[in-house]
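Data file: coords_23.cif. Format and content: mmCIF, C-alpha atoms and all ligand atoms.
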```
data_target
#
loop_
_atom_site.label_atom_id
_atom_site.label_comp_id
_atom_site.auth_asym_id
_atom_site.auth_seq_id
_atom_site.Cartn_x
_atom_site.Cartn_y
_atom_site.Cartn_z
CA MET A 1 9.38 16.43 -1.70
CA ARG A 2 7.50 13.15 -1.50
CA ARG A 3 6.18 11.81 -4.80
CA LYS A 4 2.48 11.00 -4.46
CA LEU A 5 1.55 7.33 -4.83
CA ALA A 6 -1.72 5.89 -6.13
CA ALA A 7 -1.49 2.22 -5.20
CA GLY A 8 -4.00 -0.40 -6.28
CA ASN A 9 -4.43 -3.68 -4.43
CA TRP A 10 -6.21 -6.18 -6.63
CA LYS A 11 -6.34 -8.74 -3.80
CA MET A 12 -7.50 -12.16 -5.11
CA ASN A 13 -9.03 -10.69 -8.26
CA GLY A 14 -7.95 -10.72 -11.86
CA THR A 15 -7.03 -13.08 -14.66
CA SER A 16 -5.30 -12.41 -17.95
CA ALA A 17 -8.45 -10.78 -19.38
CA ASP A 18 -8.02 -7.99 -16.82
CA LEU A 19 -4.57 -7.00 -18.06
CA GLU A 20 -6.39 -4.63 -20.42
CA GLN A 21 -7.17 -2.48 -17.37
CA ILE A 22 -3.45 -1.96 -16.80
CA GLU A 23 -2.87 -1.31 -20.47
CA ALA A 24 -5.64 1.33 -20.45
CA LEU A 25 -4.22 3.02 -17.35
CA ALA A 26 -0.72 3.06 -18.82
CA GLU A 27 -2.02 4.76 -21.95
CA ALA A 28 -4.33 7.25 -20.24
CA HIS A 29 -1.87 8.27 -17.52
CA ALA A 30 1.46 8.17 -19.34
CA GLY A 31 2.09 11.73 -18.15
CA ALA A 32 0.89 11.30 -14.57
CA LEU A 33 2.72 13.30 -11.93
CA SER A 34 1.98 10.69 -9.30
CA GLU A 35 3.49 7.25 -9.21
CA ILE A 36 0.95 4.52 -9.91
CA MET A 37 1.45 1.06 -8.42
CA ILE A 38 -0.74 -1.94 -9.05
CA ALA A 39 -0.38 -5.02 -6.88
CA THR A 40 -1.77 -7.77 -9.07
CA PRO A 41 -2.01 -11.41 -8.03
CA ASP A 42 1.44 -13.00 -8.51
CA THR A 43 0.09 -14.96 -11.48
CA LEU A 44 -0.28 -11.76 -13.53
CA LEU A 45 2.94 -9.97 -12.63
CA HIS A 46 5.06 -11.17 -15.49
CA ARG A 47 2.48 -10.43 -18.15
CA ALA A 48 1.51 -7.12 -16.60
CA SER A 49 5.14 -6.01 -16.77
CA ALA A 50 4.76 -5.69 -20.56
CA PHE A 51 2.64 -2.56 -19.91
CA THR A 52 4.84 -1.00 -17.27
CA LYS A 53 8.26 -0.92 -18.91
CA THR A 54 7.87 2.79 -19.58
CA GLY A 55 5.62 5.35 -17.92
CA PRO A 56 4.52 5.92 -14.37
CA ILE A 57 3.14 2.47 -13.50
CA THR A 58 5.05 0.12 -11.25
CA LEU A 59 3.95 -3.33 -10.14
CA GLY A 60 3.67 -4.87 -6.73
CA ALA A 61 2.86 -8.12 -4.99
CA GLN A 62 0.63 -8.64 -1.96
CA ASN A 63 2.84 -10.85 0.21
CA CYS A 64 6.22 -12.57 0.28
CA HIS A 65 7.98 -15.18 2.38
CA HIS A 66 10.55 -14.12 4.96
CA ARG A 67 13.16 -16.58 3.66
CA GLU A 68 15.11 -16.34 0.42
CA SER A 69 14.38 -19.86 -0.85
CA GLY A 70 13.92 -23.41 0.32
CA ALA A 71 11.37 -25.99 1.37
CA HIS A 72 8.29 -23.77 1.72
CA THR A 73 5.63 -25.31 -0.51
CA GLY A 74 3.27 -22.78 -2.01
CA ASP A 75 5.26 -19.74 -0.92
CA VAL A 76 6.98 -17.09 -3.00
CA SER A 77 10.18 -15.22 -2.13
CA ALA A 78 10.93 -11.54 -2.62
CA GLU A 79 13.55 -12.38 -5.22
CA MET A 80 10.98 -14.35 -7.23
CA LEU A 81 8.61 -11.38 -7.17
CA ILE A 82 11.31 -9.10 -8.51
CA ASP A 83 12.07 -11.67 -11.18
CA ALA A 84 8.39 -11.64 -12.18
CA GLY A 85 8.31 -7.84 -12.46
CA ALA A 86 7.42 -6.48 -9.01
CA SER A 87 9.16 -3.53 -7.43
CA TYR A 88 6.85 -3.23 -4.40
CA VAL A 89 5.28 -5.66 -1.98
CA ILE A 90 2.31 -4.96 0.28
CA LEU A 91 2.89 -6.48 3.72
CA GLY A 92 0.77 -6.76 6.85
CA HIS A 93 -2.57 -6.17 5.15
CA SER A 94 -5.37 -6.77 7.65
CA GLU A 95 -6.75 -9.54 5.43
CA ARG A 96 -3.44 -11.41 5.72
CA ARG A 97 -3.22 -10.69 9.43
CA ALA A 98 -6.73 -12.21 9.79
CA ASP A 99 -6.63 -15.03 7.19
CA HIS A 100 -3.06 -16.18 7.85
CA ASP A 101 -2.61 -15.22 11.49
CA GLU A 102 0.21 -12.82 10.59
CA HIS A 103 1.48 -10.73 13.47
CA ASP A 104 3.69 -7.67 13.64
CA GLU A 105 6.86 -9.76 14.00
CA ASP A 106 5.96 -11.75 10.85
CA VAL A 107 5.39 -8.53 8.94
CA ARG A 108 8.70 -7.18 10.17
CA SER A 109 10.68 -10.25 9.10
CA LYS A 110 8.98 -10.31 5.70
CA ALA A 111 9.78 -6.61 5.32
CA ARG A 112 13.43 -7.29 6.15
CA ALA A 113 13.58 -10.00 3.48
CA ALA A 114 11.82 -7.82 0.91
CA LEU A 115 14.10 -4.85 1.53
CA LYS A 116 17.19 -7.05 1.40
CA ALA A 117 16.09 -8.41 -1.98
CA GLY A 118 15.50 -4.88 -3.30
CA LEU A 119 11.72 -4.48 -3.10
CA ARG A 120 10.06 -1.40 -1.70
CA VAL A 121 7.54 -2.26 1.01
CA ILE A 122 4.06 -0.93 1.75
CA ILE A 123 3.35 -1.87 5.35
CA CYS A 124 -0.32 -1.75 6.33
CA MET A 125 -1.86 -1.04 9.69
CA GLY A 126 -5.25 -0.12 11.06
CA GLU A 127 -7.69 -0.52 13.91
CA GLU A 128 -10.86 -2.57 14.32
CA LEU A 129 -14.15 -0.73 14.81
CA GLU A 130 -14.29 -1.71 18.51
CA GLU A 131 -10.81 -0.28 18.99
CA ARG A 132 -11.85 2.97 17.32
CA GLU A 133 -14.99 3.17 19.44
CA ALA A 134 -12.99 2.51 22.60
CA ASP A 135 -10.70 5.41 21.63
CA ASN A 136 -7.70 3.09 21.29
CA THR A 137 -6.79 3.87 17.68
CA LEU A 138 -3.51 5.66 18.31
CA ASP A 139 -2.35 2.98 20.77
CA ILE A 140 -3.07 0.28 18.19
CA ILE A 141 -1.31 2.17 15.41
CA GLY A 142 1.64 2.98 17.68
CA GLY A 143 2.02 -0.71 18.50
CA GLN A 144 1.79 -1.81 14.87
CA LEU A 145 4.32 0.84 13.85
CA ALA A 146 6.79 -0.22 16.52
CA GLY A 147 6.31 -3.93 15.81
CA SER A 148 5.97 -4.18 12.03
CA ILE A 149 8.60 -1.80 10.72
CA PRO A 150 12.22 -2.94 10.59
CA ASP A 151 15.05 -0.60 11.59
CA ASP A 152 16.80 -0.31 8.27
CA VAL A 153 14.36 1.76 6.20
CA SER A 154 14.48 4.92 4.13
CA GLY A 155 12.04 7.29 2.51
CA GLU A 156 12.71 5.53 -0.78
CA THR A 157 12.02 2.03 0.44
CA LEU A 158 9.20 2.33 2.98
CA VAL A 159 5.57 3.32 2.45
CA ILE A 160 3.00 3.04 5.23
CA ALA A 161 -0.70 2.52 4.57
CA TYR A 162 -3.23 3.43 7.24
CA GLU A 163 -6.25 1.23 6.57
CA PRO A 164 -8.93 1.19 9.27
CA ILE A 165 -10.28 -2.37 9.10
CA TRP A 166 -13.87 -1.17 9.39
CA ALA A 167 -13.43 1.04 6.31
CA ILE A 168 -12.15 -1.71 3.99
CA GLY A 169 -14.73 -2.73 1.42
CA THR A 170 -17.57 -1.25 3.47
CA GLY A 171 -18.15 2.15 1.90
CA LYS A 172 -17.48 3.68 5.35
CA VAL A 173 -14.68 6.22 5.56
CA PRO A 174 -13.29 7.93 8.68
CA SER A 175 -13.84 11.65 9.00
CA ILE A 176 -11.20 13.92 7.53
CA ALA A 177 -10.24 14.87 11.10
CA GLN A 178 -9.75 11.20 12.00
CA ILE A 179 -7.59 10.52 8.94
CA SER A 180 -5.57 13.63 9.64
CA GLU A 181 -5.04 12.72 13.31
CA VAL A 182 -3.72 9.23 12.50
CA HIS A 183 -1.47 10.39 9.66
CA ASP A 184 0.03 13.19 11.79
CA PHE A 185 0.57 10.68 14.58
CA ILE A 186 2.35 8.23 12.22
CA ARG A 187 4.60 11.01 10.90
CA LEU A 188 5.49 12.07 14.45
CA ARG A 189 6.31 8.50 15.54
CA LEU A 190 8.47 8.04 12.42
CA GLU A 191 10.33 11.25 13.23
CA GLN A 192 10.95 10.08 16.78
CA ARG A 193 12.25 6.72 15.61
CA PHE A 194 14.11 7.49 12.39
CA GLY A 195 14.81 11.21 12.64
CA PRO A 196 13.17 14.00 10.64
CA GLN A 197 15.04 13.50 7.39
CA ILE A 198 14.08 9.87 6.87
CA ALA A 199 10.60 10.37 8.33
CA ARG A 200 9.80 13.21 5.96
CA GLY A 201 10.60 11.01 2.96
CA ILE A 202 8.30 8.14 3.93
CA ARG A 203 4.99 8.19 2.09
CA LEU A 204 1.80 7.68 4.09
CA LEU A 205 -1.19 6.29 2.21
CA TYR A 206 -4.80 6.18 3.33
CA GLY A 207 -6.77 3.04 2.42
CA GLY A 208 -10.38 1.99 2.93
CA SER A 209 -13.28 2.68 0.55
CA VAL A 210 -11.40 5.29 -1.49
CA LYS A 211 -13.55 6.12 -4.53
CA PRO A 212 -13.50 8.81 -7.24
CA ALA A 213 -16.15 10.70 -5.22
CA ASN A 214 -14.15 11.00 -1.99
CA ALA A 215 -10.56 10.98 -3.26
CA ALA A 216 -9.98 14.74 -3.60
CA GLU A 217 -11.13 15.46 -0.05
CA ILE A 218 -8.86 12.75 1.37
CA PHE A 219 -5.86 13.85 -0.72
CA ALA A 220 -6.18 17.38 0.62
CA VAL A 221 -5.13 16.14 4.09
CA GLN A 222 -1.60 17.31 4.85
CA ASN A 223 0.11 14.03 5.67
CA VAL A 224 -1.77 11.94 3.11
CA ASP A 225 0.62 11.17 0.25
CA GLY A 226 -1.72 8.95 -1.72
CA ALA A 227 -4.02 5.99 -1.35
CA LEU A 228 -4.06 2.21 -1.23
CA VAL A 229 -7.17 1.36 -3.21
CA GLY A 230 -8.91 -2.01 -3.33
CA GLY A 231 -12.19 -2.35 -5.22
CA ALA A 232 -11.86 0.92 -7.13
CA SER A 233 -8.45 -0.09 -8.52
CA LEU A 234 -9.84 -3.02 -10.50
CA LYS A 235 -11.28 -0.93 -13.33
CA SER A 236 -9.33 1.81 -15.06
CA ALA A 237 -12.57 3.84 -15.26
CA ASP A 238 -12.60 4.02 -11.44
CA PHE A 239 -8.88 4.15 -10.71
CA GLY A 240 -8.22 6.78 -13.39
CA PRO A 241 -10.21 9.57 -11.68
CA ILE A 242 -8.51 8.72 -8.36
CA ILE A 243 -5.10 9.14 -10.02
CA GLU A 244 -6.27 12.44 -11.51
CA ALA A 245 -7.46 13.66 -8.09
CA LEU A 246 -4.05 12.80 -6.65
CA ASP A 247 -2.23 14.58 -9.47
CA ALA A 248 -4.37 17.66 -8.81
CA SER A 249 -3.79 17.66 -5.02
O1 LIG B 301 -7.92 -3.03 1.58
C1 LIG B 301 -7.84 -2.07 0.81
C2 LIG B 301 -6.62 -1.81 0.04
O2 LIG B 301 -5.56 -2.57 0.50
C3 LIG B 301 -8.98 -1.17 0.62
O3 LIG B 301 -9.97 -1.85 -0.05
P1 LIG B 301 -11.28 -1.04 -0.61
O4 LIG B 301 -10.72 0.14 -1.36
O5 LIG B 301 -11.97 -2.04 -1.47
O6 LIG B 301 -12.05 -0.62 0.60
#
```
Show the structure stored in the file as structure tokens.
Ligand SMILES: O=C(CO)COP(=O)(O)O
Amino acid sequence: MRRKLAAGNWKMNGTSADLEQIEALAEAHAGALSEIMIATPDTLLHRASAFTKTGPITLGAQNCHHRESGAHTGDVSAEMLIDAGASYVILGHSERRADHDEHDEDVRSKARAALKAGLRVIICMGEELEEREADNTLDIIGGQLAGSIPDDVSGETLVIAYEPIWAIGTGKVPSIAQISEVHDFIRLRLEQRFGPQIARGIRLLYGGSVKPANAAEIFAVQNVDGALVGGASLKSADFGPIIEALDAS
């Protein structure tokens, strides 16, 4: 049985004043059935870890370097993230693919480094609007799956987030049928590559304009095991109802 995961991606938002949002979530959802992960900026990880020592909240980072250490000014290794309090790292987010020219092979080597260090990885993938309109979505996702995911994964260590680029921060959400089609396709490809036992343990998140108002409908989809939430994860008043919808699904 896969444990549901409500994952928040704070992106480049948040200073120490916002730690109270994590504190409030930890208090309000101490008994949550779902796992709750918040990927803060690296600068907040250590202080946020004070609120996540007990209870269902785990912390994550939003990127890591593919090497363990060395002369890489401005970069952060997986081991450093663990040291600061992270147990997850989000990799291959479309914003990093666009802003930092990250490609599938970069995501794959970062994922290898993260897994080796002991982080769990959330690998993101998704299509552009033109690709969706040209009916190429499954080809794009199939390519990203094959290229971004390393061989040595398990249901414990790998989470995949399907985030259509055109749905991120736009208020637009794919139809339930579209979400279902992509998630079923990802599960099938994982089964073909890793075998049914591993594939059935890997959690598949939907991401892109998830809000309290649409969460329950999305969580009712069979192969949706949770969400990767951007804007609505910044305030506990928004993220809380999403966690409750996931617990109830
Ligand atoms: O990119 C996302 C999460 O990684 C989704 O962001 P929004 O929830 O703000 O659309």
Determine the nearest neighbour of ligand LIG 301 (chain B) from the options A:Leu45, A:Ala114, A:Val221, A:Ala167, counting all atoms listed in the file.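 Looking only at the distances to ligand LIG 301 (chain B), the closest residue turns out to be A:Ala167.
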Atom CA of A:Leu5 and atom CA of A:Gly147 are how many Å apart? 24.0 Å
Could you give me, as a ChimeraX atom specification, every polymer residue with an atom at most 6 Å away from an atom of ligand LIG 301 (chain B), counting all atoms listed in the file? /A:9,168-169,207-210,228-232
Take atom CA of A:Ala17 and atom CA of A:Leu234 and report the distance between them in Å, one decimal.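 Spanning atom CA of A:Ala17 to atom CA of A:Leu234 is a straight-line distance of 11.9 Å.
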So that I can see what lies close to A:Pro164, please list as an mmCIF file with C-alpha atoms, in the frame of the given file the residues with an atom at most 9 Å from it, counting all atoms listed in the file and leaving out residues fewer than 3 positions away in the same chain.
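Output contents, as saved in around36.cif:
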```cif
data_model
loop_
_atom_site.group_PDB
_atom_site.id
_atom_site.type_symbol
_atom_site.label_atom_id
_atom_site.label_comp_id
_atom_site.auth_asym_id
_atom_site.auth_seq_id
_atom_site.Cartn_x
_atom_site.Cartn_y
_atom_site.Cartn_z
ATOM 1 C CA SER A 94 -5.370 -6.770 7.650
ATOM 2 C CA MET A 125 -1.860 -1.040 9.690
ATOM 3 C CA GLY A 126 -5.250 -0.120 11.060
ATOM 4 C CA GLU A 127 -7.690 -0.520 13.910
ATOM 5 C CA GLU A 128 -10.860 -2.570 14.320
ATOM 6 C CA LEU A 129 -14.150 -0.730 14.810
ATOM 7 C CA ARG A 132 -11.850 2.970 17.320
ATOM 8 C CA ALA A 167 -13.430 1.040 6.310
ATOM 9 C CA ILE A 168 -12.150 -1.710 3.990
ATOM 10 C CA VAL A 173 -14.680 6.220 5.560
ATOM 11 C CA PRO A 174 -13.290 7.930 8.680
ATOM 12 C CA TYR A 206 -4.800 6.180 3.330
ATOM 13 C CA GLY A 207 -6.770 3.040 2.420
ATOM 14 C CA GLY A 208 -10.380 1.990 2.930
#
```
For A:Ile149, the closest of A:Gly92, A:Gly171, A:Gly201, A:Pro196 counting all atoms listed in the file is A:Gly92
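Nearest residue to A:Ala213, choosing from A:Ile242, A:Arg3, A:Pro56, A:Arg96 and counting all atoms listed in the file: A:Ile242.
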Would you list the contacts of A:Ser34 as number ranges by chain, taking every protein, DNA or RNA residue within 9 Å and counting all atoms listed in the file, but skipping same-chain residues closer than 3 positions in sequence? A: 3-6, 31, 56, 226, 243-244, 246-247
Pick out the closest residue to A:Glu68 from this set: A:Leu115, A:Ile179, A:Ala30, A:Met37. Count only C-alpha atoms.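 For A:Glu68, the nearest of the candidates is A:Leu115.
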Hey, can you check how far atom CA of A:Glu181 sits from atom CA of A:Asp135?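 Here the two named atoms are 12.4 Å from each other.
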Find the residues around A:Ala199 up to 12 Å (all atoms listed in the file counted), leave out those fewer than 2 positions away in its own chain, and share them as a PyMOL selection string. chain A and resi 1-2+153-160+184-197+201-204+223
Go ahead and write the selection's residues with C-alpha atoms as a PDB file, keeping the file's coordinate frame.
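See again-v2.pdb below for the written result:
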```pdb
ATOM      1  CA  MET A   1       9.380  16.430  -1.700  1.00  0.00           C
ATOM      2  CA  ARG A   2       7.500  13.150  -1.500  1.00  0.00           C
ATOM      3  CA  VAL A 153      14.360   1.760   6.200  1.00  0.00           C
ATOM      4  CA  SER A 154      14.480   4.920   4.130  1.00  0.00           C
ATOM      5  CA  GLY A 155      12.040   7.290   2.510  1.00  0.00           C
ATOM      6  CA  GLU A 156      12.710   5.530  -0.780  1.00  0.00           C
ATOM      7  CA  THR A 157      12.020   2.030   0.440  1.00  0.00           C
ATOM      8  CA  LEU A 158       9.200   2.330   2.980  1.00  0.00           C
ATOM      9  CA  VAL A 159       5.570   3.320   2.450  1.00  0.00           C
ATOM     10  CA  ILE A 160       3.000   3.040   5.230  1.00  0.00           C
ATOM     11  CA  ASP A 184       0.030  13.190  11.790  1.00  0.00           C
ATOM     12  CA  PHE A 185       0.570  10.680  14.580  1.00  0.00           C
ATOM     13  CA  ILE A 186       2.350   8.230  12.220  1.00  0.00           C
ATOM     14  CA  ARG A 187       4.600  11.010  10.900  1.00  0.00           C
ATOM     15  CA  LEU A 188       5.490  12.070  14.450  1.00  0.00           C
ATOM     16  CA  ARG A 189       6.310   8.500  15.540  1.00  0.00           C
ATOM     17  CA  LEU A 190       8.470   8.040  12.420  1.00  0.00           C
ATOM     18  CA  GLU A 191      10.330  11.250  13.230  1.00  0.00           C
ATOM     19  CA  GLN A 192      10.950  10.080  16.780  1.00  0.00           C
ATOM     20  CA  ARG A 193      12.250   6.720  15.610  1.00  0.00           C
ATOM     21  CA  PHE A 194      14.110   7.490  12.390  1.00  0.00           C
ATOM     22  CA  GLY A 195      14.810  11.210  12.640  1.00  0.00           C
ATOM     23  CA  PRO A 196      13.170  14.000  10.640  1.00  0.00           C
ATOM     24  CA  GLN A 197      15.040  13.500   7.390  1.00  0.00           C
ATOM     25  CA  GLY A 201      10.600  11.010   2.960  1.00  0.00           C
ATOM     26  CA  ILE A 202       8.300   8.140   3.930  1.00  0.00           C
ATOM     27  CA  ARG A 203       4.990   8.190   2.090  1.00  0.00           C
ATOM     28  CA  LEU A 204       1.800   7.680   4.090  1.00  0.00           C
ATOM     29  CA  ASN A 223       0.110  14.030   5.670  1.00  0.00           C
TER      30      ASN A 223
END
```
Which residue gives the smallest distance to A:Gln62 among A:Pro150, A:Trp10, A:Ala28, A:Arg47, with all atoms listed in the file counted?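 Checking each of A:Pro150, A:Trp10, A:Ala28, A:Arg47 against A:Gln62, counting all atoms listed in the file, the winner is A:Trp10.
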Minimum-distance residue to A:Gly8, chosen among A:Glu133, A:Glu102, A:Glu35, A:Asp139 (using all atoms listed in the file): A:Glu35
Need the neighbours of (-2.2, -6.5, -3.1): which residues are at most 10 Å away, counting only C-alpha atoms, as a list in words?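 Final list of nearby residues, as requested, is Ala7, Gly8, Asn9, Trp10, Lys11, Met12, Asn13, Met37, Ile38, Ala39, Thr40, Pro41, Asp42, Leu59, Gly60, Ala61, Gln62, Asn63, Tyr88, Val89, Ile90, Leu91, His93, Ile122, Leu228, Val229 and Gly230 of chain A.
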